[in-house]
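What follows is one structure encoded as structure tokens, with my remarks underneath.
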Amino acid sequence: MPGVEVVVPLALLIGTARAATDPIGLTLAARETTVVPSLLRWAEVEIRVSTPARVGLTVLPARGEAPVFSRRVWVENTYLFRWKGRTQEGDPVRPGRYRLLAMAEAGGERVQTELSLTVAATGARPDSEPPPPPTLRVTAAETNRVLWDEPSPDTVQYLIWRASSPEGPFELLARTAVEELEDTPATRGIFWYRVAGVDVAGNQGPASPPVSSDNVHMSKTLAGSTGGVLEPTTGTVKLEIAPGSFSGTLTFTLDQVPSPPPPNPNRALVTRAFEIGPSGTTFNPPARLTLAYEIPSSLRLPTSYPEETLLVQYYDPAAGSWRSLGNVRVDTATRSVSADLPHLSTLAGASVTDPHGGYSDTTQLCGFCHQVHKAPGPRLFPRATERETCYQCHDGTGASTDIRSDFGESSIGSTTRNSFHPVPTPKDGYQLVCTDCHTPHRLRTEVQKLLRYWNGTAWVYSTPSSPAGNAFCYSCHGQASPYPAPLGDHTSFEGSIHSTASGVPEPPSGSRIKCLACHAPHGAGTHRLTARWDQKTSVPDPSVEKDQEDLCYTCHTGTTNSSGGPDQTSPPTDPYYAFTAAANRYTSPVAIFHHPVSPSDQAGGTRTVECVSCHNPHLVDRSDSSTTSKITNPKDMTAKWIVRWKVDASNFDMNRTEPWDDMVNFCTTCHVNPTTTEPVTAGPKVPYTVRLVNDTSQEGGNPHDKFSAAYYKTTEIHGGKAAQLACTACHDFHGSSNAFMLKEKVVSPFDGTVARTEVKGFSN
């Protein structure tokens with residue numbers, strides 16, 4: 001009867017002689033013996049044992065021997081068995097009487113008992129709501145065990161799918177009425193499972209999210225005389241124990257560690273980690289452990305890796321670190337690494353992550369960079385030169401950096417770069433090698449990009465706690481520089497706005513070398529190692545061939561030009577706008593309204609002016625004073641050009657100066673009389689030749705670029721003592737949409753009145 005406990009008498013036990021001395025104490029206590037599907041009433045029987053035992057449960061028809069349902073469970077004390085009147089596959093059985101047969105095994109003893117169950121004949125249960133998806137747990141041993149929770153009380157059947165990837169395709173594996181499944185795939189590997197429930201009314205619910213079998217938990221009892229193998233279905237680990245390697249009988253465990261201890265410096269774990277027990281067990285001869293390795297895509301390993309870098313390690317809790325095992329073998333065909341085990345503990349496979357250091361004292365990896373006998377290069381290098389030895393990896397095939405392409409050295413001994421440190425080939429009588437700037441024998445975790453410099457007496461390494469900063473560059477380009485101008489002393493950069501401004505980025509490596517904000521360290525397609533920054537990654541891109549002004553435009557680009565912009569109110573912050581403003585072309589050929597800094601303006605070499613013809617980025621200051629300036633002497637870029645602007649209430653828009661001719665003298669450095677096409681010629685202190693034209697097509701036949709300070713100050717009314725106007729009173733020093741670079745906004749030097757201008761070009 002429902003709710004009445006029924007204790008089966010021992011007389012029903014098979015083997016009455018053993019029943020009187022039952023060592024297991026198996027009893028069945030019925031809580032409910034009738035199945036009524038329409039009422040969601042299920043048969044429930046409590047299994048009791050006095051000794052932990054493996055119990056087999058079988059449901060058979062009252063008059064028949066063929067079982068309709070079976071299950072095998074481990075019972076510590078009690079276990080509640082629930083049967084919903086379904087076959088093993090989850091199909092409904094016929095109404096009638098059934099027998100529940102229970103058999104328990106423990107310590108070599110076996111006992112059996114049974115009781116009666118009934119399935120009622122009732123109508124279908126009206127229901128349109130499918131059960132929710134079950135929650136899965138998957139463990140791998142010699143079989144994959146898939147477990148899940150009952151999603152709803154009316155769930156009577158489950159559909160199980162399996163796939164070799166989480167994306168599928170999934171194939172239907174089984175139908176069952178039990179909340180678990182033992183699956184042994186035909187091949188070893190990691191599989192994904194999904195389960196959906198079907199309720200008593202036949203509604204199928206949604207499938208669960210895929211769950212991986214990558215979760216090894218297994219145990220196996222072996223006799224020392226025969227040994228054996230522990231190998232789960234995943235194919236990620238295999239433990240081989242030779243016969244006679246231990247005495248007696250042991251139960252071995254193999255448990256995957258989800259969060260293993262962190263790897264040692266210069267190491268990355270490239271296999272799953274496993275805790276293998278009994279911990280400390282030793283073998284003679286040694287056991288053999290094989291682990292499947294997976295090199296993550298983020299771990300860029302040089303050529304011939306991973307064969308020469310993989311190792312097997314055990315974790316030493318006392319030392320708090322991993323220790324390497326010897327006799328390692330790598331099989332690239334099966335992508336596995338194996339080693340002899342002196343004892344059992346937590347184990348994993350690892351790989352060297354940095355070929356520049358951190359090796360063990362038994363490594364063979366020194367041979368990548370050194371050849372013991374008959375080395376063709378200096379310092380036992382296996383290549384003819386040091387850089388070619390570095391190019392073994394740093395050519396894009398092995399290391400994370402392609403330095404050979406940075407230098408443009410597709411052909412050894414030559415370069416396609418316009419500017420480069422003299423590593424591929426000597427330049428100006430100087431030759432450098434890679435180790436002049438980088439150490440080859442330390443970890444990148446200790447030294448950013450392996451940087452080092454010679455301070456005159458010792459090597460100084462750029463470490464995370466003590467980054468080198470600009471001093472790294474000053475070791476060659478500092479006050480003691482052996483190089484002539486303009487390659488010599490650049491320490492004046494420390495006081496420039498490009499060094500002190502927070503907006504100028506430091507490299508992501510942490511070296512704090514601000515020089516790298518504008519310069520490529522190896523080679524560039526432009527002059528002076530200048531490289532435009534990639535705004536998406538915030539790193540310089542030496543492979544992009546850009547012009548000198550493009551580097552400046554990286555930062556000096558906004559929405560206004562340098563004379564106030566279209567709205568006449570914006571601050572003068574955008575030279576890019578001024579140099580690229582739309583031309584106010586009224587009559588041809590008047591169309592050049594800015595200094596010719598772009599390649600299109602310099603076509604044919606008739607005109608050339610660059611940003612650094614007026615500005616030295618290493619000297620430029622934010623403001624002008626008696627010691628600071630934004631501009632430099634066009635004929636000596638190592639010297640500031642001091643402009644002493646008059647500061648009083650009537651000084652509007654920098655129109656008047658004191659002395660008033662500072663700006664006039666600056667402009668007439670290039671706009672000279674008599675006319676010349678090269679007023680400034682490139683040299684040690686001048687990076688680019690300034691080229692102008694003798695344009696006699698203008699009104700009156702006067703050369704457009706011809707001028708002189710003396711003429712302006714003594715002859716022109718605007719330059720005479722009565723006016724004393726600087727050139728910048730009427731001309732935009734970068735560019736304007738007006739002809740002759742006349743300003744789009746003119747400010748009265750007396751009261752600050754703003755007048756908008758539109759100056760047409762002149763016909764010839």
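Chain labels run A, B, ... following the order of the structure tokens; each chain numbers its residues from 1, and ligands are numbered from 1 in the order shown.
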**OP:** Write out as a list in words which residues come within 8 Å of Val504 of chain A when counting only C-alpha atoms, dropping same-chain ones fewer than 6 positions away.
**Re:**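 Within the cut-off, the hits are His498, Lys514 and Ala517 of chain A.
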Go ahead and dump the residues you just picked, N, CA, C and O atoms, as a PDB file, in the first residue's frame.
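What landed in part01.pdb:
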ATOM      1  N   HIS A 498      57.427  67.475 -26.532  1.00  0.00           N
ATOM      2  CA  HIS A 498      57.162  66.101 -26.938  1.00  0.00           C
ATOM      3  C   HIS A 498      57.639  65.097 -25.889  1.00  0.00           C
ATOM      4  O   HIS A 498      57.209  63.950 -25.898  1.00  0.00           O
ATOM      5  N   LYS A 514      60.341  57.350 -24.756  1.00  0.00           N
ATOM      6  CA  LYS A 514      59.423  58.195 -25.513  1.00  0.00           C
ATOM      7  C   LYS A 514      59.903  58.452 -26.938  1.00  0.00           C
ATOM      8  O   LYS A 514      59.118  58.837 -27.787  1.00  0.00           O
ATOM      9  N   ALA A 517      57.915  57.077 -29.733  1.00  0.00           N
ATOM     10  CA  ALA A 517      56.641  57.651 -30.173  1.00  0.00           C
ATOM     11  C   ALA A 517      56.726  58.131 -31.610  1.00  0.00           C
ATOM     12  O   ALA A 517      55.714  58.193 -32.307  1.00  0.00           O
TER      13      ALA A 517
END
**OP:** Would you mind listing what lies within 10 Å of Glu388 of chain A as a PyMOL selection string, with only C-alpha atoms counted and same-chain residues fewer than 5 positions away left out?
**Re:** chain A and resi 377+381-383+393-395+404+412+424+434
Store the residues picked out above in a file with N, CA, C and O atoms, as a short mmCIF file (atom, residue, chain, number, x, y, z; two decimals), in the first residue's frame.
data_model
loop_
_atom_site.label_atom_id
_atom_site.label_comp_id
_atom_site.auth_asym_id
_atom_site.auth_seq_id
_atom_site.Cartn_x
_atom_site.Cartn_y
_atom_site.Cartn_z
N GLY A 377 80.27 31.59 -38.05
CA GLY A 377 80.19 32.97 -37.63
C GLY A 377 80.97 33.22 -36.36
O GLY A 377 81.43 32.29 -35.69
N PHE A 381 78.60 31.31 -33.74
CA PHE A 381 77.29 31.43 -34.37
C PHE A 381 77.18 30.44 -35.52
O PHE A 381 78.14 30.25 -36.29
N PRO A 382 76.00 29.82 -35.69
CA PRO A 382 75.82 28.86 -36.79
C PRO A 382 75.63 29.52 -38.14
O PRO A 382 75.57 28.83 -39.16
N ARG A 383 75.47 30.84 -38.17
CA ARG A 383 75.37 31.59 -39.43
C ARG A 383 76.56 32.53 -39.55
O ARG A 383 77.27 32.79 -38.58
N CYS A 393 65.00 33.02 -36.25
CA CYS A 393 63.67 33.10 -35.65
C CYS A 393 62.99 34.43 -35.96
O CYS A 393 61.79 34.48 -36.21
N HIS A 394 63.78 35.50 -35.93
CA HIS A 394 63.21 36.84 -36.05
C HIS A 394 63.06 37.27 -37.51
O HIS A 394 63.42 38.38 -37.88
N ASP A 395 62.54 36.35 -38.31
CA ASP A 395 62.20 36.67 -39.70
C ASP A 395 60.73 36.40 -39.97
O ASP A 395 60.31 36.30 -41.12
N ARG A 404 63.85 41.11 -39.43
CA ARG A 404 64.44 41.16 -40.77
C ARG A 404 63.62 42.05 -41.70
O ARG A 404 64.18 42.85 -42.46
N ILE A 412 70.35 39.59 -47.93
CA ILE A 412 71.35 39.81 -46.89
C ILE A 412 72.43 40.78 -47.39
O ILE A 412 73.01 40.59 -48.46
N PRO A 424 72.02 46.07 -41.17
CA PRO A 424 72.12 45.30 -42.42
C PRO A 424 73.41 45.58 -43.18
O PRO A 424 74.01 44.69 -43.76
N CYS A 434 73.10 43.33 -33.42
CA CYS A 434 71.89 43.23 -32.60
C CYS A 434 72.20 43.36 -31.11
O CYS A 434 71.44 43.99 -30.35
#
Subject >> strand (DSSP E or B) call set, DSSP backbone run, segment 252-470 of chain A, as an MDAnalysis selection string >> reply: chainID A and resid 252:257 267:269 273:277 282:292 310:316 321:324 329:331 336:343 346:352 395 402 419:420 427 430 438 451:454 459:461
Original post:
By how many Å are atom CA of Val55 of chain A and atom CA of Asn215 of chain A apart?
Top reply: 26.1 Å
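Residues of segment 307-454 of chain A that DSSP, applied to the backbone, places in alpha helix (DSSP H): Glu386, Arg387, Glu388, Thr389, Cys390, Ile403, Arg404, Ser405 and Asp406 of chain A.
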Subject >> Residues within 12 Å of Glu409 of chain A, only C-alpha atoms, excluding chain neighbours under 2 positions, as a ChimeraX atom specification >> reply: /A:387-388,391,394-395,402-407,411-418,420-425,522-524
Would you put the residues from that selection into a file with N, CA and C atoms, as an mmCIF file, in the first residue's frame?
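Produced file result-v3.cif, reproduced below:
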data_model
loop_
_atom_site.group_PDB
_atom_site.id
_atom_site.type_symbol
_atom_site.label_atom_id
_atom_site.label_comp_id
_atom_site.auth_asym_id
_atom_site.auth_seq_id
_atom_site.Cartn_x
_atom_site.Cartn_y
_atom_site.Cartn_z
ATOM 1 N N ARG A 387 73.460 38.868 -36.982
ATOM 2 C CA ARG A 387 72.062 39.164 -37.317
ATOM 3 C C ARG A 387 71.416 38.013 -38.082
ATOM 4 N N GLU A 388 72.197 37.300 -38.919
ATOM 5 C CA GLU A 388 71.637 36.149 -39.618
ATOM 6 C C GLU A 388 71.281 35.038 -38.635
ATOM 7 N N TYR A 391 68.086 36.117 -37.297
ATOM 8 C CA TYR A 391 67.030 35.972 -38.304
ATOM 9 C C TYR A 391 66.512 34.539 -38.401
ATOM 10 N N HIS A 394 63.783 35.500 -35.927
ATOM 11 C CA HIS A 394 63.210 36.840 -36.045
ATOM 12 C C HIS A 394 63.060 37.271 -37.510
ATOM 13 N N ASP A 395 62.536 36.352 -38.310
ATOM 14 C CA ASP A 395 62.205 36.672 -39.702
ATOM 15 C C ASP A 395 60.735 36.403 -39.975
ATOM 16 N N ASP A 402 59.279 40.222 -36.477
ATOM 17 C CA ASP A 402 59.937 40.032 -37.761
ATOM 18 C C ASP A 402 60.932 41.164 -37.953
ATOM 19 N N ILE A 403 62.096 41.046 -37.328
ATOM 20 C CA ILE A 403 63.099 42.106 -37.355
ATOM 21 C C ILE A 403 63.736 42.214 -38.736
ATOM 22 N N ARG A 404 63.849 41.112 -39.432
ATOM 23 C CA ARG A 404 64.439 41.162 -40.774
ATOM 24 C C ARG A 404 63.616 42.052 -41.696
ATOM 25 N N SER A 405 62.298 41.970 -41.600
ATOM 26 C CA SER A 405 61.454 42.852 -42.403
ATOM 27 C C SER A 405 61.541 44.286 -41.926
ATOM 28 N N ASP A 406 61.686 44.481 -40.594
ATOM 29 C CA ASP A 406 61.861 45.839 -40.084
ATOM 30 C C ASP A 406 63.074 46.508 -40.723
ATOM 31 N N PHE A 407 64.145 45.739 -40.890
ATOM 32 C CA PHE A 407 65.349 46.281 -41.508
ATOM 33 C C PHE A 407 65.252 46.311 -43.036
ATOM 34 N N SER A 411 67.334 40.778 -48.973
ATOM 35 C CA SER A 411 68.593 40.248 -49.471
ATOM 36 C C SER A 411 69.676 40.603 -48.461
ATOM 37 N N ILE A 412 70.352 39.586 -47.926
ATOM 38 C CA ILE A 412 71.349 39.813 -46.888
ATOM 39 C C ILE A 412 72.428 40.776 -47.389
ATOM 40 N N GLY A 413 72.662 41.821 -46.569
ATOM 41 C CA GLY A 413 73.686 42.795 -46.904
ATOM 42 C C GLY A 413 73.162 44.036 -47.584
ATOM 43 N N SER A 414 71.836 44.108 -47.804
ATOM 44 C CA SER A 414 71.244 45.299 -48.400
ATOM 45 C C SER A 414 69.906 45.546 -47.728
ATOM 46 N N THR A 415 69.336 46.721 -47.955
ATOM 47 C CA THR A 415 68.067 47.063 -47.316
ATOM 48 C C THR A 415 67.222 47.911 -48.238
ATOM 49 N N THR A 416 65.921 47.767 -48.097
ATOM 50 C CA THR A 416 64.989 48.583 -48.879
ATOM 51 C C THR A 416 64.519 49.799 -48.102
ATOM 52 N N ARG A 417 65.015 49.980 -46.877
ATOM 53 C CA ARG A 417 64.576 51.104 -46.050
ATOM 54 C C ARG A 417 65.335 52.376 -46.428
ATOM 55 N N ASN A 418 64.621 53.512 -46.385
ATOM 56 C CA ASN A 418 65.264 54.801 -46.605
ATOM 57 C C ASN A 418 66.166 55.173 -45.436
ATOM 58 N N PHE A 420 67.770 53.530 -41.588
ATOM 59 C CA PHE A 420 67.904 52.323 -40.775
ATOM 60 C C PHE A 420 69.121 52.454 -39.883
ATOM 61 N N HIS A 421 69.066 51.815 -38.734
ATOM 62 C CA HIS A 421 70.275 51.668 -37.939
ATOM 63 C C HIS A 421 71.242 50.774 -38.720
ATOM 64 N N PRO A 422 72.520 51.084 -38.698
ATOM 65 C CA PRO A 422 73.463 50.378 -39.582
ATOM 66 C C PRO A 422 73.750 48.947 -39.142
ATOM 67 N N VAL A 423 72.718 48.112 -39.214
ATOM 68 C CA VAL A 423 72.873 46.691 -38.925
ATOM 69 C C VAL A 423 72.947 45.882 -40.221
ATOM 70 N N PRO A 424 72.016 46.066 -41.168
ATOM 71 C CA PRO A 424 72.121 45.296 -42.422
ATOM 72 C C PRO A 424 73.414 45.584 -43.175
ATOM 73 N N THR A 425 73.840 46.842 -43.156
ATOM 74 C CA THR A 425 75.037 47.236 -43.883
ATOM 75 C C THR A 425 75.610 48.480 -43.220
ATOM 76 N N HIS A 522 64.349 50.093 -35.763
ATOM 77 C CA HIS A 522 65.206 49.333 -36.679
ATOM 78 C C HIS A 522 65.340 50.030 -38.027
ATOM 79 N N GLY A 523 64.251 50.211 -38.727
ATOM 80 C CA GLY A 523 64.300 50.866 -40.022
ATOM 81 C C GLY A 523 62.952 51.445 -40.375
ATOM 82 N N ALA A 524 62.955 52.404 -41.297
ATOM 83 C CA ALA A 524 61.712 53.067 -41.695
ATOM 84 C C ALA A 524 61.795 53.455 -43.161
#
Compile a residue-level contact table for segment 503-533 of chain A against segment 442-447 of chain A at a cut-off of 12 Å, reporting for every qualifying residue the shortest atom pair and its distance in Å to one decimal, with only C-alpha atoms counted, rows ordered by chain and ascending number, as CSV.
residue,atom,partner,partner_atom,distance
A:Ser509,CA,A:Val447,CA,9.6
A:Gly510,CA,A:Val447,CA,9.7
A:Ser511,CA,A:Val447,CA,8.7
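Distance-wise, atom CA of His356 of chain A and atom CA of Ile513 of chain A end up 22.3 Å apart.
Separating atom CA of Ala163 of chain A from atom CA of Thr139 of chain A is a distance of 15.5 Å.
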Original post:
Between A:Val73, A:Met741, A:Ala207, A:Ala62, which one has atoms that come closest to Ile47 of chain A, using only C-alpha atoms?
Top reply: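 Residue with the minimum atom-to-atom distance to Ile47 of chain A: A:Val73.
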Subject >> A:Pro508, A:Gln548, A:Thr675, A:Val686 ranked by distance to Ser613 of chain A, top pick (using only C-alpha atoms) >> reply: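 Once distances to Ser613 of chain A are computed over only C-alpha atoms, the minimum belongs to A:Val686.
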